[in-house]
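Student: The structure file run_29.txt (compact mmCIF, C-alpha atoms and all ligand atoms) is provided below.
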```
# COMPACT_ATOMS: atom_id res chain seq x y z
CA MET A 907 -9.90 -17.65 22.69
CA ASN A 908 -10.37 -17.17 18.92
CA PHE A 909 -12.45 -19.74 17.05
CA ILE A 910 -10.63 -23.08 16.67
CA PRO A 911 -11.84 -25.04 13.61
CA TYR A 912 -11.60 -28.84 13.46
CA GLY A 913 -9.06 -28.64 10.64
CA LYS A 914 -7.00 -26.00 8.88
CA GLN A 915 -4.09 -25.61 6.46
CA THR A 916 -0.60 -24.43 7.47
CA ILE A 917 0.91 -22.15 4.82
CA ASP A 918 4.25 -20.36 5.22
CA ASN A 919 6.22 -17.80 3.21
CA GLU A 920 8.12 -20.50 1.32
CA ASP A 921 4.76 -21.94 0.13
CA ILE A 922 3.60 -18.50 -0.96
CA ALA A 923 6.87 -17.78 -2.79
CA SER A 924 6.62 -21.08 -4.68
CA VAL A 925 3.14 -20.17 -5.95
CA ILE A 926 4.20 -16.65 -6.93
CA GLU A 927 7.12 -18.06 -8.91
CA VAL A 928 4.69 -20.10 -11.04
CA LEU A 929 2.29 -17.17 -11.44
CA GLN A 930 5.21 -15.23 -12.94
CA SER A 931 6.21 -18.10 -15.25
CA ASP A 932 4.88 -19.16 -18.67
CA PHE A 933 2.71 -22.02 -17.47
CA LEU A 934 -0.26 -21.68 -15.15
CA THR A 935 -1.50 -25.15 -16.05
CA THR A 936 -0.16 -28.28 -17.78
CA GLY A 937 3.40 -27.14 -17.19
CA PRO A 938 6.45 -28.68 -15.48
CA LYS A 939 5.16 -28.45 -11.88
CA VAL A 940 2.49 -31.09 -12.46
CA LYS A 941 5.05 -33.74 -13.38
CA GLU A 942 7.34 -32.65 -10.51
CA PHE A 943 4.44 -32.94 -8.05
CA GLU A 944 3.56 -36.39 -9.38
CA GLU A 945 7.19 -37.49 -8.99
CA THR A 946 7.24 -36.13 -5.44
CA ILE A 947 4.15 -38.20 -4.62
CA CYS A 948 5.70 -41.33 -6.17
CA ASN A 949 8.95 -40.83 -4.25
CA TYR A 950 7.12 -40.38 -0.97
CA THR A 951 4.53 -43.16 -1.26
CA GLY A 952 6.68 -45.64 -3.19
CA ALA A 953 4.12 -46.03 -5.99
CA THR A 954 5.48 -46.23 -9.55
CA TYR A 955 2.97 -43.94 -11.25
CA CYS A 956 0.94 -40.91 -10.22
CA VAL A 957 -1.67 -38.79 -11.96
CA ALA A 958 -2.43 -35.48 -10.22
CA VAL A 959 -5.96 -34.18 -10.74
CA ALA A 960 -8.34 -31.38 -9.77
CA ASN A 961 -9.52 -32.90 -6.46
CA GLY A 962 -9.88 -36.18 -4.58
CA THR A 963 -13.36 -36.77 -5.96
CA ALA A 964 -12.05 -36.51 -9.54
CA ALA A 965 -9.32 -38.98 -8.54
CA LEU A 966 -11.97 -41.41 -7.29
CA HIS A 967 -14.04 -40.94 -10.46
CA LEU A 968 -11.12 -41.67 -12.78
CA ALA A 969 -9.96 -44.62 -10.68
CA SER A 970 -13.49 -46.05 -10.77
CA LEU A 971 -13.61 -45.63 -14.56
CA VAL A 972 -10.46 -47.74 -14.98
CA LEU A 973 -11.23 -50.31 -12.27
CA LEU A 974 -14.95 -51.00 -12.59
CA THR A 975 -17.57 -51.76 -15.18
CA LYS A 976 -21.27 -51.05 -15.05
CA GLY A 977 -23.11 -53.35 -12.67
CA ASP A 978 -20.02 -54.41 -10.67
CA LYS A 979 -20.63 -55.01 -6.97
CA VAL A 980 -18.15 -53.19 -4.75
CA LEU A 981 -17.63 -53.61 -1.00
CA THR A 982 -17.16 -50.30 0.75
CA THR A 983 -17.55 -48.49 4.06
CA PRO A 984 -20.46 -46.38 5.29
CA ASN A 985 -17.91 -44.43 7.39
CA SER A 986 -16.40 -42.13 4.79
CA PHE A 987 -17.02 -38.92 2.95
CA LEU A 988 -19.73 -39.28 0.30
CA ALA A 989 -17.22 -39.19 -2.55
CA THR A 990 -15.88 -42.70 -1.86
CA SER A 991 -19.10 -44.51 -2.68
CA ASN A 992 -20.42 -41.82 -5.03
CA SER A 993 -17.55 -42.67 -7.36
CA ILE A 994 -18.85 -46.24 -7.52
CA LEU A 995 -22.27 -44.90 -8.53
CA TYR A 996 -20.73 -42.52 -11.12
CA VAL A 997 -19.75 -45.53 -13.25
CA GLY A 998 -23.01 -47.45 -12.77
CA ALA A 999 -21.54 -49.92 -10.29
CA LYS A 1000 -23.20 -50.97 -7.04
CA PRO A 1001 -21.76 -50.20 -3.59
CA ILE A 1002 -22.33 -52.76 -0.83
CA PHE A 1003 -21.96 -51.13 2.60
CA VAL A 1004 -20.06 -53.30 5.08
CA ASP A 1005 -20.06 -52.61 8.82
CA ILE A 1006 -17.03 -51.09 10.54
CA CYS A 1007 -14.67 -52.17 13.34
CA GLU A 1008 -14.15 -50.46 16.69
CA ASP A 1009 -11.41 -48.29 15.13
CA GLY A 1010 -13.79 -46.84 12.51
CA ASN A 1011 -12.28 -48.78 9.60
CA ILE A 1012 -14.22 -51.16 7.35
CA ASN A 1013 -14.41 -54.64 8.88
CA LEU A 1014 -12.22 -56.78 6.61
CA GLU A 1015 -13.40 -60.02 8.26
CA LEU A 1016 -16.95 -59.16 7.28
CA CYS A 1017 -15.71 -58.30 3.79
CA GLU A 1018 -14.33 -61.81 3.58
CA GLU A 1019 -17.73 -63.24 4.56
CA TYR A 1020 -19.35 -61.29 1.71
CA LEU A 1021 -16.69 -62.50 -0.72
CA LYS A 1022 -17.09 -66.13 0.35
CA ASN A 1023 -20.83 -65.96 -0.20
CA ASP A 1024 -20.93 -63.98 -3.44
CA ASN A 1025 -18.35 -64.59 -6.14
CA SER A 1026 -19.81 -61.83 -8.29
CA ILE A 1027 -18.29 -59.12 -6.06
CA LYS A 1028 -15.62 -57.42 -8.13
CA ALA A 1029 -13.89 -54.89 -5.88
CA LEU A 1030 -13.23 -53.48 -2.43
CA TYR A 1031 -12.95 -49.73 -1.79
CA GLY A 1032 -11.27 -49.26 1.60
CA VAL A 1033 -10.59 -46.01 3.45
CA HIS A 1034 -7.72 -45.72 5.95
CA PHE A 1035 -10.11 -43.84 8.20
CA SER A 1036 -8.72 -40.88 10.16
CA GLY A 1037 -5.19 -41.83 9.04
CA ASN A 1038 -5.23 -45.24 10.74
CA PRO A 1039 -4.08 -47.72 8.08
CA LEU A 1040 -6.05 -50.83 7.18
CA ASN A 1041 -4.24 -54.11 7.73
CA GLN A 1042 -2.17 -54.57 4.54
CA THR A 1043 -1.72 -58.31 5.07
CA LYS A 1044 -5.49 -58.75 5.09
CA LEU A 1045 -5.87 -56.59 1.97
CA LYS A 1046 -3.24 -58.74 0.24
CA ASN A 1047 -5.01 -61.96 1.23
CA LEU A 1048 -8.40 -60.74 0.05
CA ARG A 1049 -6.98 -59.52 -3.24
CA GLU A 1050 -5.18 -62.78 -3.95
CA THR A 1051 -7.79 -65.22 -2.62
CA TYR A 1052 -10.84 -63.64 -4.21
CA ASN A 1053 -9.21 -62.03 -7.25
CA ILE A 1054 -10.83 -58.66 -6.60
CA LYS A 1055 -9.73 -55.15 -7.47
CA ILE A 1056 -8.76 -53.01 -4.49
CA LEU A 1057 -8.85 -49.24 -4.25
CA GLU A 1058 -7.32 -47.55 -1.21
CA ASP A 1059 -8.91 -44.20 -0.44
CA CYS A 1060 -5.93 -42.48 1.21
CA ALA A 1061 -7.58 -39.05 1.49
CA HIS A 1062 -7.03 -39.28 5.28
CA SER A 1063 -3.82 -41.21 5.35
CA LEU A 1064 -0.90 -39.59 3.55
CA GLY A 1065 2.07 -40.60 5.71
CA ALA A 1066 0.36 -43.58 7.36
CA ILE A 1067 2.47 -46.75 7.40
CA PHE A 1068 1.46 -50.37 8.04
CA ASP A 1069 4.31 -52.87 8.43
CA GLY A 1070 6.59 -50.60 6.42
CA ILE A 1071 3.98 -50.16 3.66
CA HIS A 1072 3.10 -46.53 2.94
CA ALA A 1073 -0.53 -45.59 2.30
CA GLY A 1074 -0.67 -44.82 -1.41
CA SER A 1075 2.11 -47.24 -2.40
CA CYS A 1076 -0.49 -49.60 -3.95
CA GLN A 1077 1.55 -52.58 -2.78
CA ASN A 1078 -1.69 -54.48 -2.16
CA SER A 1079 -4.11 -52.53 -4.31
CA ASP A 1080 -4.73 -51.51 -7.91
CA CYS A 1081 -5.10 -47.78 -7.27
CA SER A 1082 -4.94 -45.37 -4.36
CA ILE A 1083 -6.32 -41.88 -4.24
CA LEU A 1084 -5.25 -38.78 -2.31
CA SER A 1085 -6.95 -35.46 -1.57
CA PHE A 1086 -5.20 -32.13 -1.02
CA HIS A 1087 -8.17 -30.22 0.37
CA PRO A 1088 -7.03 -27.65 2.98
CA VAL A 1089 -7.95 -29.84 5.98
CA LYS A 1090 -5.79 -32.72 4.71
CA HIS A 1091 -2.12 -33.38 5.54
CA ILE A 1092 -0.86 -31.17 2.74
CA THR A 1093 -2.86 -28.85 0.52
CA THR A 1094 -2.97 -27.53 -3.03
CA GLY A 1095 -6.19 -25.57 -2.38
CA GLU A 1096 -8.23 -28.14 -4.25
CA GLY A 1097 -6.36 -31.12 -5.60
CA GLY A 1098 -6.04 -34.86 -5.69
CA ALA A 1099 -4.01 -37.69 -7.14
CA ILE A 1100 -4.24 -41.32 -8.16
CA THR A 1101 -1.29 -43.63 -7.63
CA THR A 1102 -0.84 -47.05 -9.21
CA ASN A 1103 1.84 -49.58 -10.07
CA SER A 1104 0.17 -50.55 -13.34
CA GLN A 1105 1.46 -48.89 -16.50
CA GLU A 1106 -1.76 -49.85 -18.29
CA LEU A 1107 -3.96 -48.11 -15.71
CA TYR A 1108 -1.62 -45.12 -15.62
CA GLU A 1109 -1.88 -44.59 -19.38
CA LYS A 1110 -5.67 -44.86 -19.28
CA LEU A 1111 -5.86 -42.37 -16.40
CA LEU A 1112 -3.72 -39.82 -18.26
CA ILE A 1113 -6.08 -39.94 -21.24
CA LEU A 1114 -9.22 -39.72 -19.10
CA ARG A 1115 -7.83 -36.70 -17.20
CA ALA A 1116 -7.78 -34.72 -20.46
CA HIS A 1117 -11.03 -35.33 -22.35
CA GLY A 1118 -10.09 -38.80 -23.61
CA MET A 1119 -7.73 -37.14 -26.10
CA VAL A 1120 -4.64 -38.76 -27.59
CA LYS A 1121 -1.88 -37.00 -29.53
CA THR A 1122 0.99 -39.06 -30.96
CA PRO A 1123 4.25 -37.99 -32.71
CA GLU A 1124 2.99 -39.51 -36.01
CA MET A 1125 -0.02 -37.16 -36.09
CA LYS A 1126 -0.13 -33.88 -38.00
CA PRO A 1127 0.86 -30.83 -35.89
CA TRP A 1128 -2.77 -29.81 -35.22
CA GLU A 1129 -4.18 -33.29 -34.82
CA TYR A 1130 -5.57 -35.03 -31.75
CA GLU A 1131 -7.98 -37.92 -31.44
CA MET A 1132 -10.68 -38.41 -28.88
CA ARG A 1133 -10.73 -42.14 -28.23
CA GLU A 1134 -12.99 -42.20 -25.18
CA LEU A 1135 -15.23 -39.97 -23.12
CA GLY A 1136 -12.87 -38.19 -20.75
CA PHE A 1137 -12.99 -35.11 -18.55
CA ASN A 1138 -11.10 -31.94 -17.75
CA TYR A 1139 -9.73 -32.97 -14.36
CA ARG A 1140 -6.41 -31.15 -14.74
CA ILE A 1141 -4.75 -29.47 -11.76
CA PRO A 1142 -3.04 -26.06 -12.27
CA ASP A 1143 0.74 -25.68 -12.03
CA PHE A 1144 0.58 -23.13 -9.20
CA ALA A 1145 -1.45 -25.62 -7.14
CA CYS A 1146 1.22 -28.27 -7.76
CA ALA A 1147 3.96 -25.79 -6.77
CA LEU A 1148 2.13 -25.34 -3.47
CA GLY A 1149 1.87 -29.12 -3.09
CA ILE A 1150 5.62 -29.62 -3.73
CA SER A 1151 6.47 -26.97 -1.14
CA GLN A 1152 4.01 -28.45 1.36
CA PHE A 1153 5.53 -31.93 0.93
CA LYS A 1154 8.79 -30.65 2.45
CA LYS A 1155 6.91 -30.01 5.68
CA LEU A 1156 4.92 -33.24 5.72
CA PRO A 1157 7.16 -35.12 8.21
CA ASN A 1158 6.87 -32.19 10.64
CA PHE A 1159 3.12 -31.91 10.07
CA ILE A 1160 2.66 -35.60 10.88
CA ALA A 1161 4.92 -35.40 13.95
CA LYS A 1162 2.86 -32.45 15.21
CA ARG A 1163 -0.43 -34.29 14.60
CA GLN A 1164 0.89 -37.30 16.51
CA GLU A 1165 2.01 -35.08 19.38
CA ILE A 1166 -1.47 -33.55 19.59
CA ALA A 1167 -3.00 -37.05 19.57
CA LYS A 1168 -0.79 -37.98 22.55
CA THR A 1169 -1.80 -34.82 24.44
CA TYR A 1170 -5.51 -35.50 23.86
CA GLY A 1171 -5.08 -39.16 24.89
CA GLU A 1172 -3.39 -38.15 28.14
CA GLY A 1173 -6.00 -35.46 28.79
CA PHE A 1174 -8.86 -37.97 28.57
CA LEU A 1175 -7.25 -40.77 30.63
CA HIS A 1176 -9.65 -42.10 33.29
CA THR A 1177 -12.60 -40.14 31.86
CA PRO A 1178 -15.66 -41.35 29.90
CA ILE A 1179 -14.13 -39.74 26.76
CA LYS A 1180 -12.63 -42.63 24.79
CA PRO A 1181 -10.21 -41.99 21.92
CA LEU A 1182 -11.26 -44.03 18.87
CA TYR A 1183 -8.01 -45.97 19.22
CA SER A 1184 -5.15 -45.71 21.69
CA PHE A 1185 -2.10 -43.82 20.44
CA ASN A 1186 -1.00 -45.40 17.18
CA GLU A 1187 2.29 -44.30 15.62
CA ASN A 1188 1.19 -45.85 12.29
CA SER A 1189 -1.61 -43.31 12.04
CA SER A 1190 -0.96 -39.99 10.37
CA TYR A 1191 -3.92 -38.56 12.35
CA HIS A 1192 -5.90 -36.63 9.79
CA LEU A 1193 -8.70 -36.75 12.39
CA TYR A 1194 -8.85 -37.18 16.12
CA VAL A 1195 -12.12 -38.95 16.89
CA VAL A 1196 -13.41 -39.67 20.38
CA ARG A 1197 -16.43 -41.63 21.58
CA VAL A 1198 -18.70 -40.77 24.47
CA ASP A 1199 -21.68 -42.81 25.64
CA PHE A 1200 -24.20 -39.97 25.77
CA SER A 1201 -26.88 -42.25 27.24
CA LYS A 1202 -24.88 -42.15 30.50
CA LEU A 1203 -24.56 -38.34 30.56
CA CYS A 1204 -26.95 -35.44 31.10
CA ILE A 1205 -26.16 -33.82 27.75
CA THR A 1206 -26.97 -34.76 24.17
CA LYS A 1207 -24.47 -34.70 21.33
CA GLU A 1208 -26.32 -31.78 19.75
CA GLU A 1209 -26.09 -29.77 22.99
CA LEU A 1210 -22.40 -30.56 23.22
CA PHE A 1211 -21.77 -29.30 19.67
CA ILE A 1212 -23.66 -26.07 20.43
CA LYS A 1213 -21.89 -25.45 23.76
CA MET A 1214 -18.45 -26.16 22.31
CA ARG A 1215 -19.26 -23.78 19.45
CA GLU A 1216 -20.20 -21.13 22.01
CA ALA A 1217 -16.78 -21.75 23.58
CA ASN A 1218 -15.28 -21.11 20.10
CA ILE A 1219 -14.36 -24.73 19.47
CA GLY A 1220 -15.45 -26.38 16.22
CA LEU A 1221 -16.38 -30.05 16.53
CA GLN A 1222 -17.22 -32.21 13.53
CA LEU A 1223 -18.75 -35.59 12.95
CA HIS A 1224 -16.97 -38.03 10.66
CA TYR A 1225 -19.25 -39.43 9.32
CA ILE A 1226 -22.99 -39.70 8.91
CA PRO A 1227 -23.41 -43.27 7.51
CA ILE A 1228 -23.42 -42.79 3.72
CA ASN A 1229 -26.03 -45.51 3.18
CA LYS A 1230 -28.50 -43.54 5.32
CA GLN A 1231 -28.30 -40.40 3.15
CA PRO A 1232 -31.61 -39.50 1.44
CA TYR A 1233 -30.21 -40.05 -2.05
CA TYR A 1234 -28.89 -43.48 -1.13
CA LYS A 1235 -32.28 -44.34 0.38
CA THR A 1236 -33.91 -43.61 -3.00
CA LEU A 1237 -31.61 -46.33 -4.39
CA GLY A 1238 -32.80 -48.83 -1.78
CA TYR A 1239 -29.99 -48.45 0.76
CA GLY A 1240 -30.28 -47.62 4.44
CA ASP A 1241 -31.61 -50.81 6.03
CA GLU A 1242 -28.33 -52.76 6.05
CA SER A 1243 -27.38 -54.32 9.37
CA THR A 1244 -24.46 -52.15 10.53
CA PRO A 1245 -24.68 -52.18 14.35
CA ALA A 1246 -21.07 -51.07 14.87
CA MET A 1247 -21.56 -48.09 12.53
CA ASP A 1248 -24.84 -47.20 14.24
CA SER A 1249 -23.33 -47.03 17.72
CA TYR A 1250 -20.22 -45.29 16.37
CA TYR A 1251 -22.47 -42.64 14.82
CA ASP A 1252 -24.31 -42.15 18.14
CA GLU A 1253 -21.14 -41.75 20.18
CA SER A 1254 -18.41 -40.24 18.03
CA PHE A 1255 -17.21 -36.75 17.18
CA SER A 1256 -13.93 -35.20 15.99
CA LEU A 1257 -11.83 -32.68 17.91
CA PRO A 1258 -9.69 -29.97 16.29
CA MET A 1259 -6.57 -31.52 14.74
CA PHE A 1260 -4.12 -29.55 12.62
CA PRO A 1261 -0.37 -28.89 12.90
CA ALA A 1262 -0.71 -25.24 14.00
CA LEU A 1263 -2.96 -26.12 16.97
CA ARG A 1264 -1.12 -24.51 19.88
CA ASP A 1265 -0.46 -26.13 23.28
CA ASP A 1266 -2.71 -23.62 25.06
CA GLU A 1267 -5.50 -24.33 22.55
CA GLN A 1268 -5.16 -28.09 23.12
CA ALA A 1269 -5.35 -27.56 26.90
CA TYR A 1270 -8.39 -25.28 26.45
CA ILE A 1271 -10.19 -27.87 24.27
CA ILE A 1272 -9.58 -30.65 26.82
CA LYS A 1273 -10.68 -28.46 29.72
CA LYS A 1274 -13.84 -27.21 27.98
CA LEU A 1275 -14.85 -30.69 26.84
CA LEU A 1276 -14.53 -32.14 30.33
CA GLU A 1277 -16.35 -29.13 31.77
CA ILE A 1278 -19.26 -29.16 29.29
CA LEU A 1279 -19.71 -32.94 29.52
CA ASP A 1280 -19.47 -32.54 33.30
CA VAL A 1281 -17.18 -35.54 33.70
C1 LIG A 1301 -12.21 -40.24 2.59
C2 LIG A 1301 -12.36 -39.18 1.55
N1 LIG A 1301 -12.36 -39.54 0.25
C3 LIG A 1301 -12.48 -38.63 -0.72
C4 LIG A 1301 -12.60 -37.29 -0.46
C5 LIG A 1301 -12.78 -36.32 -1.58
O1 LIG A 1301 -11.72 -35.42 -1.68
P1 LIG A 1301 -11.91 -33.96 -2.28
O2 LIG A 1301 -12.59 -33.12 -1.26
O3 LIG A 1301 -10.51 -33.50 -2.57
O4 LIG A 1301 -12.72 -34.08 -3.53
C6 LIG A 1301 -12.58 -36.86 0.88
C7 LIG A 1301 -12.69 -35.43 1.18
O5 LIG A 1301 -12.97 -34.98 2.25
C8 LIG A 1301 -12.46 -37.83 1.91
O6 LIG A 1301 -12.44 -37.47 3.20
```
Re-express the file's structure as C-alpha cells.
Tutor:
Amino acid sequence: MNFIPYGKQTIDNEDIASVIEVLQSDFLTTGPKVKEFEETICNYTGATYCVAVANGTAALHLASLVLLTKGDKVLTTPNSFLATSNSILYVGAKPIFVDICEDGNINLELCEEYLKNDNSIKALYGVHFSGNPLNQTKLKNLRETYNIKILEDCAHSLGAIFDGIHAGSCQNSDCSILSFHPVKHITTGEGGAITTNSQELYEKLLILRAHGMVKTPEMKPWEYEMRELGFNYRIPDFACALGISQFKKLPNFIAKRQEIAKTYGEGFLHTPIKPLYSFNENSSYHLYVVRVDFSKLCITKEELFIKMREANIGLQLHYIPINKQPYYKTLGYGDESTPAMDSYYDESFSLPMFPALRDDEQAYIIKKLLEILDV
C-alpha cells in the first residue's frame, strides 16, 4: 500500500485547464477571476459579500482588524489551528480559552457563563471543528443577549449546514472566514476568504486587503490615497480560477467525505475506537477524529502513530491545545481549567479523510488500526 496521508487535494483535468486559461490571459492577479470566485462563494454560502485573500490566516487577520480593538477580550477555543487565536493577538486583543464539548467544539454554555460574569467581553471566535457546525440558535442568542461580535472560523466547514443555515452565511455572525489550503474541502493552493453581510465591513476589508489604499473616480489618473495601514493579502487570478473549478465538485467531495465517515463508523462499531460524534449529515467532514482510551490499552498514542506510519498510514492530531503552546505560556496562558480539552487531547487522533480515499484504502486503515491497537 502506498503512503496514505491524512488529507489531500483532488485535482482533475478541468481544474488544470482552468488554471492554464488564466496563465494565458492578460491578468495573473487582480483580474476578473477574483470577483467571479467571490461571487461563487456568496452564491454557495448565502452571504452577501465576500473578500478573497491570500490564505485563511490573512482572512482571520483582516476580520480581526475590522471586528476588534486593542485590549478587547475574545472567547475562543483551544481546539483549533493556531491561526484562530493568533489573529486575536495580531490586533492586540486578548483571547480567553473556553473548554470544549464532547464533539470537539467550543462549549457555548460555558461561553454564556463567561459572558454573564464579565460584561467587558467583546467577541466570540467559534470554529465549526472538523466540519461539525456549531449550534446556530445558540450563536444567535449569545450575539443578541450579550451584544457581542461573532466570527465563525469555517476553515473546516465549507458545506456544513445547521438548521438550513450554511457555514459562512454569517446569518448569526459578523464575519466568517474560509481556507483553501490543499487539505480543505476545495483548494486554491493557498487561499482564503472572508464573508459578511455588512457593507461597511466589506468596504473596510477591501481597503485593508490592498495596503489601505483608496482610489476614487474624482482623483487624478495617477492618484491613490493610503488612508490606513493595510496589507498585500491579494489572491492571484489563477488561484481563483482553480477555486471556481473546484467549487463545481464540492457537492461530490462532501458526499464522498460523508460516505467515508459512514464506512469508518461501521468499521469501529463495538470496538474501543469511538468516533468523535456519531454520523452527522450536517457535518462536511473536513476531519475524521476518533477517541481511544489509551490507559486501557497496551500501546501509547506515540507508538500507535509510529506503527501506523510504518504501515504507510498518516495519522494527525487536531489539535494540541493552543493555550499550552510555549508562546502562549509566555503570555500567561496554559493553566486554564479545560478538563474536556485535556482528555480530548489524550485520546484523540485523526484518520485519513479526503475524497479520493479508495474503498480498499479505507478497509486497510480500519484493519490496521484494529490490529495495531489489538482490539
Ligand atoms: C480552523 C482553522 N483556521 C484557520 C486556518 C488557517 O488557514 P490557512 O492555512 O489557509 O492560513 C486553518 C488552517 O489549517 C484552520 O484549520
Student: Write as a short mmCIF file (atom, residue, chain, number, x, y, z; two decimals) with C-alpha atoms, in the coordinates of the input the residues around ligand LIG 1301 (chain A), taking 6 Å as the cut-off and counting only C-alpha atoms and all ligand atoms.
Tutor:
```cif
data_model
loop_
_atom_site.label_atom_id
_atom_site.label_comp_id
_atom_site.auth_asym_id
_atom_site.auth_seq_id
_atom_site.Cartn_x
_atom_site.Cartn_y
_atom_site.Cartn_z
CA ASN A 961 -9.52 -32.90 -6.46
CA GLY A 962 -9.88 -36.18 -4.58
CA THR A 963 -13.36 -36.77 -5.96
CA SER A 986 -16.40 -42.13 4.79
CA PHE A 987 -17.02 -38.92 2.95
CA ALA A 989 -17.22 -39.19 -2.55
CA THR A 990 -15.88 -42.70 -1.86
CA ASP A 1059 -8.91 -44.20 -0.44
CA ALA A 1061 -7.58 -39.05 1.49
CA HIS A 1062 -7.03 -39.28 5.28
CA SER A 1085 -6.95 -35.46 -1.57
CA PHE A 1086 -5.20 -32.13 -1.02
CA HIS A 1087 -8.17 -30.22 0.37
CA GLY A 1097 -6.36 -31.12 -5.60
CA GLY A 1098 -6.04 -34.86 -5.69
#
```
Student: Kindly give the distance, in Å, that separates CA of Ser1190 in chain A and CA of Phe1068 in chain A, rounded to a single decimal.
Tutor: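 Distance reported for this atom pair: 10.9 Å.
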Student: I need the residue nearest Ile1002 in chain A from this list: A:Tyr1170, A:Tyr1108, A:Tyr1251, A:Tyr1239. Use only C-alpha atoms for the distance.
Tutor: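 The answer is A:Tyr1239, which sits nearest to Ile1002 in chain A.
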Student: Show me, as a ChimeraX atom specification, the residues that have an atom within 10 Å of Pro1142 in chain A when counting all atoms listed in the file, minus same-chain residues fewer than 3 positions from it.
Tutor: /A:928,933-937,939-940,958-960,1094,1096-1097,1139,1145-1147
Student: Separation of CA of Phe1137 in chain A and CA of Ile994 in chain A, in Å?
Tutor: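 Computed distance, CA of Phe1137 in chain A to CA of Ile994 in chain A, equals 16.7 Å.
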Student: Could you tell me how far CA of Glu1253 in chain A sits from CA of Asp1241 in chain A, in Å to one decimal place?
Tutor: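 A separation of 19.8 Å between them.
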Student: Would you pick out the contacts of Lys1110 in chain A at 10 Å or less, using all atoms listed in the file, so that residues sharing its chain but fewer than 5 positions from it are not included, and give the list as a ChimeraX atom specification?
Tutor: /A:968-969,971-972,1105,1115,1118,1134,1136
Student: Can you take the partial range 1040-1045 of chain A, add all heavy atoms, and return it as a CSV table (one decimal), keeping the file's coordinate frame?
Tutor:
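Output contents, as saved in selection-v3.csv:
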```csv
chain,number,residue,atom,x,y,z
A,1040,LEU,N,-5.5,-49.5,7.2
A,1040,LEU,CA,-6.0,-50.8,7.2
A,1040,LEU,C,-4.9,-51.8,7.2
A,1040,LEU,O,-3.8,-51.5,6.8
A,1040,LEU,CB,-6.9,-51.0,5.9
A,1040,LEU,CG,-8.2,-50.3,5.8
A,1040,LEU,CD1,-8.7,-50.2,4.4
A,1040,LEU,CD2,-9.2,-51.1,6.7
A,1041,ASN,N,-5.2,-53.0,7.7
A,1041,ASN,CA,-4.2,-54.1,7.7
A,1041,ASN,C,-3.9,-54.5,6.3
A,1041,ASN,O,-4.7,-55.1,5.6
A,1041,ASN,CB,-4.8,-55.3,8.5
A,1041,ASN,CG,-3.9,-56.4,8.8
A,1041,ASN,OD1,-3.2,-56.8,7.8
A,1041,ASN,ND2,-3.8,-56.9,10.0
A,1042,GLN,N,-2.6,-54.3,5.9
A,1042,GLN,CA,-2.2,-54.6,4.5
A,1042,GLN,C,-2.1,-56.1,4.3
A,1042,GLN,O,-2.3,-56.5,3.1
A,1042,GLN,CB,-0.8,-53.9,4.3
A,1042,GLN,CG,-0.9,-52.4,4.2
A,1042,GLN,CD,-1.4,-51.9,2.9
A,1042,GLN,OE1,-1.6,-52.7,1.9
A,1042,GLN,NE2,-1.8,-50.6,2.8
A,1043,THR,N,-1.8,-56.9,5.3
A,1043,THR,CA,-1.7,-58.3,5.1
A,1043,THR,C,-3.1,-58.8,4.7
A,1043,THR,O,-3.3,-59.7,3.8
A,1043,THR,CB,-1.2,-59.0,6.4
A,1043,THR,OG1,-0.1,-58.2,6.8
A,1043,THR,CG2,-0.8,-60.4,6.1
A,1044,LYS,N,-4.1,-58.3,5.4
A,1044,LYS,CA,-5.5,-58.8,5.1
A,1044,LYS,C,-5.9,-58.3,3.7
A,1044,LYS,O,-6.6,-59.0,3.0
A,1044,LYS,CB,-6.5,-58.2,6.1
A,1044,LYS,CG,-6.3,-58.9,7.5
A,1044,LYS,CD,-7.4,-58.5,8.4
A,1044,LYS,CE,-7.1,-59.1,9.8
A,1044,LYS,NZ,-7.9,-58.4,10.9
A,1045,LEU,N,-5.5,-57.1,3.3
A,1045,LEU,CA,-5.9,-56.6,2.0
A,1045,LEU,C,-5.2,-57.5,0.9
A,1045,LEU,O,-5.9,-57.9,-0.1
A,1045,LEU,CB,-5.4,-55.2,1.8
A,1045,LEU,CG,-6.1,-54.0,2.5
A,1045,LEU,CD1,-5.5,-52.7,2.1
A,1045,LEU,CD2,-7.6,-54.0,2.1
```
